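What follows is the content of protein_8.txt, which has compact mmCIF, C-alpha atoms:
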# COMPACT_ATOMS: atom_id res chain seq x y z
CA MET K 1 69.25 57.47 67.59
CA HIS K 2 70.72 60.37 65.63
CA ASP K 3 70.15 60.59 61.87
CA LEU K 4 73.80 60.72 60.80
CA GLU K 5 73.02 60.83 57.08
CA ALA K 6 70.91 63.96 57.51
CA ALA K 7 73.60 65.40 59.79
CA GLU K 8 76.21 64.76 57.08
CA ARG K 9 74.11 66.61 54.46
CA LEU K 10 73.52 69.53 56.84
CA ALA K 11 77.18 69.67 57.87
CA ALA K 12 78.24 69.72 54.21
CA GLN K 13 75.90 72.64 53.50
CA LEU K 14 77.10 74.51 56.60
CA PHE K 15 80.72 73.98 55.52
CA ARG K 16 79.83 75.24 52.03
CA LEU K 17 78.17 78.32 53.54
CA VAL K 18 81.13 79.11 55.79
CA ARG K 19 83.55 78.78 52.86
CA LEU K 20 81.38 81.06 50.69
CA VAL K 21 81.21 83.67 53.44
CA GLU K 22 84.96 83.47 54.08
CA ARG K 23 85.76 83.83 50.38
CA THR K 24 83.37 86.77 49.98
CA LYS K 25 84.86 88.50 53.04
CA ALA K 26 88.41 87.98 51.76
CA GLN K 27 87.49 89.44 48.36
CA ALA K 28 85.80 92.43 50.02
CA ALA K 29 88.83 93.03 52.25
CA ALA K 30 91.19 92.89 49.28
CA ALA K 31 89.02 95.28 47.27
CA ASN K 32 88.61 97.85 50.04
CA PRO K 33 90.93 97.15 53.01
CA SER K 34 90.34 100.47 54.76
CA GLU K 35 86.58 99.82 55.13
CA HIS K 36 86.73 96.13 56.01
CA LEU K 37 86.24 94.77 59.53
CA GLU K 38 87.15 91.18 60.31
CA ARG K 39 84.20 89.05 61.43
CA ALA K 40 85.57 88.83 64.97
CA THR K 41 86.09 92.57 65.36
CA PHE K 42 82.71 93.23 63.75
CA GLY K 43 81.14 91.02 66.42
CA LEU K 44 82.89 92.90 69.22
CA LEU K 45 81.81 96.26 67.83
CA ALA K 46 78.23 94.98 67.43
CA GLN K 47 78.19 93.83 71.06
CA LEU K 48 79.40 97.21 72.28
CA VAL K 49 76.90 99.13 70.15
CA ASP K 50 73.96 96.84 70.92
CA CYS K 51 74.64 96.19 74.63
CA GLY K 52 76.61 99.24 75.71
CA PRO K 53 80.03 99.57 77.37
CA ARG K 54 81.51 96.42 78.87
CA ARG K 55 84.62 95.13 80.52
CA THR K 56 86.91 92.96 78.42
CA THR K 57 85.95 89.81 80.32
CA ALA K 58 82.22 90.39 79.81
CA LEU K 59 82.79 91.14 76.13
CA ALA K 60 84.82 87.95 75.71
CA GLU K 61 82.07 85.93 77.38
CA ALA K 62 79.44 87.47 75.11
CA VAL K 63 81.32 86.45 71.94
CA TYR K 64 82.43 83.03 73.25
CA THR K 65 86.17 83.64 73.29
CA ASP K 66 88.93 84.39 75.79
CA ALA K 67 89.87 87.80 77.18
CA SER K 68 93.38 87.80 75.69
CA THR K 69 91.99 87.34 72.17
CA VAL K 70 89.43 90.07 72.75
CA SER K 71 92.15 92.40 74.05
CA ARG K 72 94.14 92.03 70.81
CA GLN K 73 91.04 92.58 68.69
CA VAL K 74 89.92 95.56 70.76
CA ASN K 75 93.36 97.15 70.32
CA GLN K 76 92.71 97.13 66.56
CA LEU K 77 89.28 98.73 67.06
CA VAL K 78 90.83 101.39 69.30
CA ARG K 79 93.53 102.15 66.71
CA LEU K 80 90.80 102.56 64.09
CA GLY K 81 88.91 104.96 66.37
CA LEU K 82 85.86 102.68 66.56
CA VAL K 83 86.16 101.82 70.26
CA GLU K 84 87.49 103.74 73.24
CA ARG K 85 88.50 102.80 76.75
CA GLN K 86 86.66 104.55 79.58
CA ALA K 87 87.03 104.49 83.33
CA ASP K 88 84.41 102.27 84.96
CA PRO K 89 82.30 104.62 87.10
CA GLY K 90 81.54 101.73 89.49
CA ASP K 91 85.18 100.72 89.95
CA GLY K 92 87.91 103.26 89.26
CA ARG K 93 90.49 100.50 88.81
CA ALA K 94 88.58 98.89 85.93
CA THR K 95 88.18 99.94 82.32
CA LEU K 96 85.11 99.77 80.15
CA LEU K 97 85.18 99.42 76.39
CA ALA K 98 82.68 101.57 74.49
CA ALA K 99 81.86 102.15 70.85
CA THR K 100 82.64 105.64 69.58
CA GLU K 101 80.33 107.63 67.32
CA ARG K 102 82.57 106.59 64.43
CA GLY K 103 82.23 102.97 65.52
CA ARG K 104 78.44 103.19 65.66
CA ALA K 105 78.33 104.77 62.20
CA CYS K 106 80.68 102.09 60.84
CA LEU K 107 78.44 99.35 62.23
CA VAL K 108 75.31 100.94 60.75
CA ARG K 109 76.96 101.09 57.30
CA ALA K 110 78.24 97.52 57.55
CA ARG K 111 74.84 96.21 58.62
CA GLU K 112 73.10 98.10 55.82
CA GLN K 113 75.49 96.60 53.26
CA ARG K 114 75.10 93.11 54.74
CA ASN K 115 71.30 93.40 54.79
CA GLN K 116 71.24 94.55 51.16
CA ARG K 117 73.37 91.55 50.12
CA VAL K 118 71.17 89.10 52.03
CA ALA K 119 67.97 90.69 50.71
CA ALA K 120 69.29 90.33 47.15
CA LEU K 121 70.08 86.64 47.73
CA VAL K 122 66.53 85.81 48.82
CA ALA K 123 64.65 88.41 46.75
CA ASP K 124 62.88 85.75 44.68
CA TRP K 125 61.98 83.63 47.72
CA SER K 126 58.49 83.76 49.13
CA PRO K 127 58.03 85.61 52.42
CA ALA K 128 57.12 82.26 54.01
CA ASP K 129 60.39 80.69 52.82
CA ARG K 130 62.41 83.64 54.15
CA GLU K 131 60.65 83.40 57.51
CA GLN K 132 61.11 79.63 57.63
CA LEU K 133 64.85 79.92 56.96
CA THR K 134 65.15 82.59 59.66
CA ALA K 135 63.23 80.47 62.17
CA LEU K 136 65.23 77.32 61.40
CA LEU K 137 68.57 79.14 61.61
CA ASP K 138 67.51 80.65 64.94
CA ARG K 139 66.53 77.20 66.18
CA PHE K 140 69.83 75.70 64.96
CA ASN K 141 71.92 78.50 66.51
CA THR K 142 70.05 78.20 69.82
CA ALA K 143 70.65 74.43 69.88
CA PHE K 144 74.31 75.04 69.06
CA GLU K 145 74.65 77.56 71.90
CA HIS K 146 72.93 75.27 74.40
CA HIS K 147 75.05 72.30 73.34
CA ARG K 148 78.19 74.41 73.62
CA LEU K 149 77.24 75.64 77.10
CA HIS K 150 76.39 72.08 78.16
CA GLN K 151 79.77 70.86 76.86
CA ALA K 152 81.59 73.66 78.68
CA GLY K 153 79.74 72.77 81.88
CA GLN K 154 80.79 69.14 81.62
CA GLU K 155 84.42 70.06 80.96
CA SER K 156 84.62 72.30 84.02
CA ALA K 157 82.92 69.75 86.33
Any chance you could give the structure as structure tokens?
Amino acid sequence: MHDLEAAERLAAQLFRLVRLVERTKAQAAAANPSEHLERATFGLLAQLVDCGPRRTTALAEAVYTDASTVSRQVNQLVRLGLVERQADPGDGRATLLAATERGRACLVRAREQRNQRVAALVADWSPADREQLTALLDRFNTAFEHHRLHQAGQESA
């Protein structure tokens, strides 16, 4: 039997967190629109920097969305000079998406700023509390991913 009361409390806190993050992002974008990357495009850029060049379909799969959405978002990254299209050396008909030097530098700056904000939020927490939060969020995210993949498998069967 699932503990629905505990799930309700957790869901409320997750909703609160998402709203806080969304509001903070919107304020940052309004204050400095030329330096702001949307969460979705940030995730695409991070995938390309961390995992190397990919085809649109592989990139979409990695960020759990569809290729048409990724194509629109990648177009924005290309216009900003953060991503470029390259010929796939293994298949001349296909195109790979790759982060540019400017894109890599942008991601480094964004991650540094994010890490400074997070470090400030938990500065007065004990190292054990910070590690526990990290471990529990990892466990929650892994369960979420597995549940999502299981759901997708059932829908396609």
Hey, can you check how far atom CA of K:Gln154 sits from atom CA of K:Glu61?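 Rounded to one decimal, the two atoms are 17.4 Å apart.
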Using the file's own x, y and z axes, so that the box edges lie along x, y and z, what centre and edge lengths in Å (one decimal) does a box around every listed atom of stretch 124-134 of chain K get when 5 Å is added on each side? Give it as lines of an AutoDock Vina configuration file.
center_x = 61.1
center_y = 82.7
center_z = 52.2
size_x = 18.0
size_y = 16.1
size_z = 25.0
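Take the candidates K:Arg55, K:Arg104, K:Arg114, K:Arg23 and check each one against K:Arg85 using only C-alpha atoms; the shortest distance goes to K:Arg55.
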Between atom CA of K:Thr65 and atom CA of K:Val18, what is the distance in Å, rounded to a tenth?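 Taking atom CA of K:Thr65 as the start and atom CA of K:Val18 as the end point, the length is 18.8 Å.
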Can you tell me which residues surround K:Ala60 at a distance of at most 12 Å, considering all atoms listed in the file, apart from same-chain residues fewer than 2 positions away, and format the answer as a list in words?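 Listed by chain and then number, they are Ala40, Thr41, Gly43, Leu44, Leu45, Gln47, Leu48, Arg54, Arg55, Thr56, Thr57, Ala58, Ala62, Val63, Tyr64, Thr65, Asp66, Ala67, Ser68, Thr69, Val70, Ser71, Arg72, Gln73, Val74 and Leu97 of chain K.
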d(atom CA of K:Gln86, atom CA of K:Arg102) in Å: 15.8 Å
Distance criterion (all atoms listed in the file): nearest to K:Ala99 out of K:Val83, K:Gln113, K:Leu4, K:Val118: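 Among the listed residues, the smallest separation from K:Ala99 belongs to K:Val83.
Look at K:Glu101: the protein and nucleic acid residues within 10 Å of it, using only C-alpha atoms and passing over chain neighbours fewer than 4 places away, are Val49, Gly81, Leu82, Val83, Ala105, Cys106 and Leu107 of chain K.
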Emit the selected residues as a CSV table (one decimal), keeping the file's coordinate frame, including C-alpha atoms.
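Saved the output as again-v3.csv:
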chain,number,residue,atom,x,y,z
K,49,VAL,CA,76.9,99.1,70.2
K,81,GLY,CA,88.9,105.0,66.4
K,82,LEU,CA,85.9,102.7,66.6
K,83,VAL,CA,86.2,101.8,70.3
K,105,ALA,CA,78.3,104.8,62.2
K,106,CYS,CA,80.7,102.1,60.8
K,107,LEU,CA,78.4,99.4,62.2
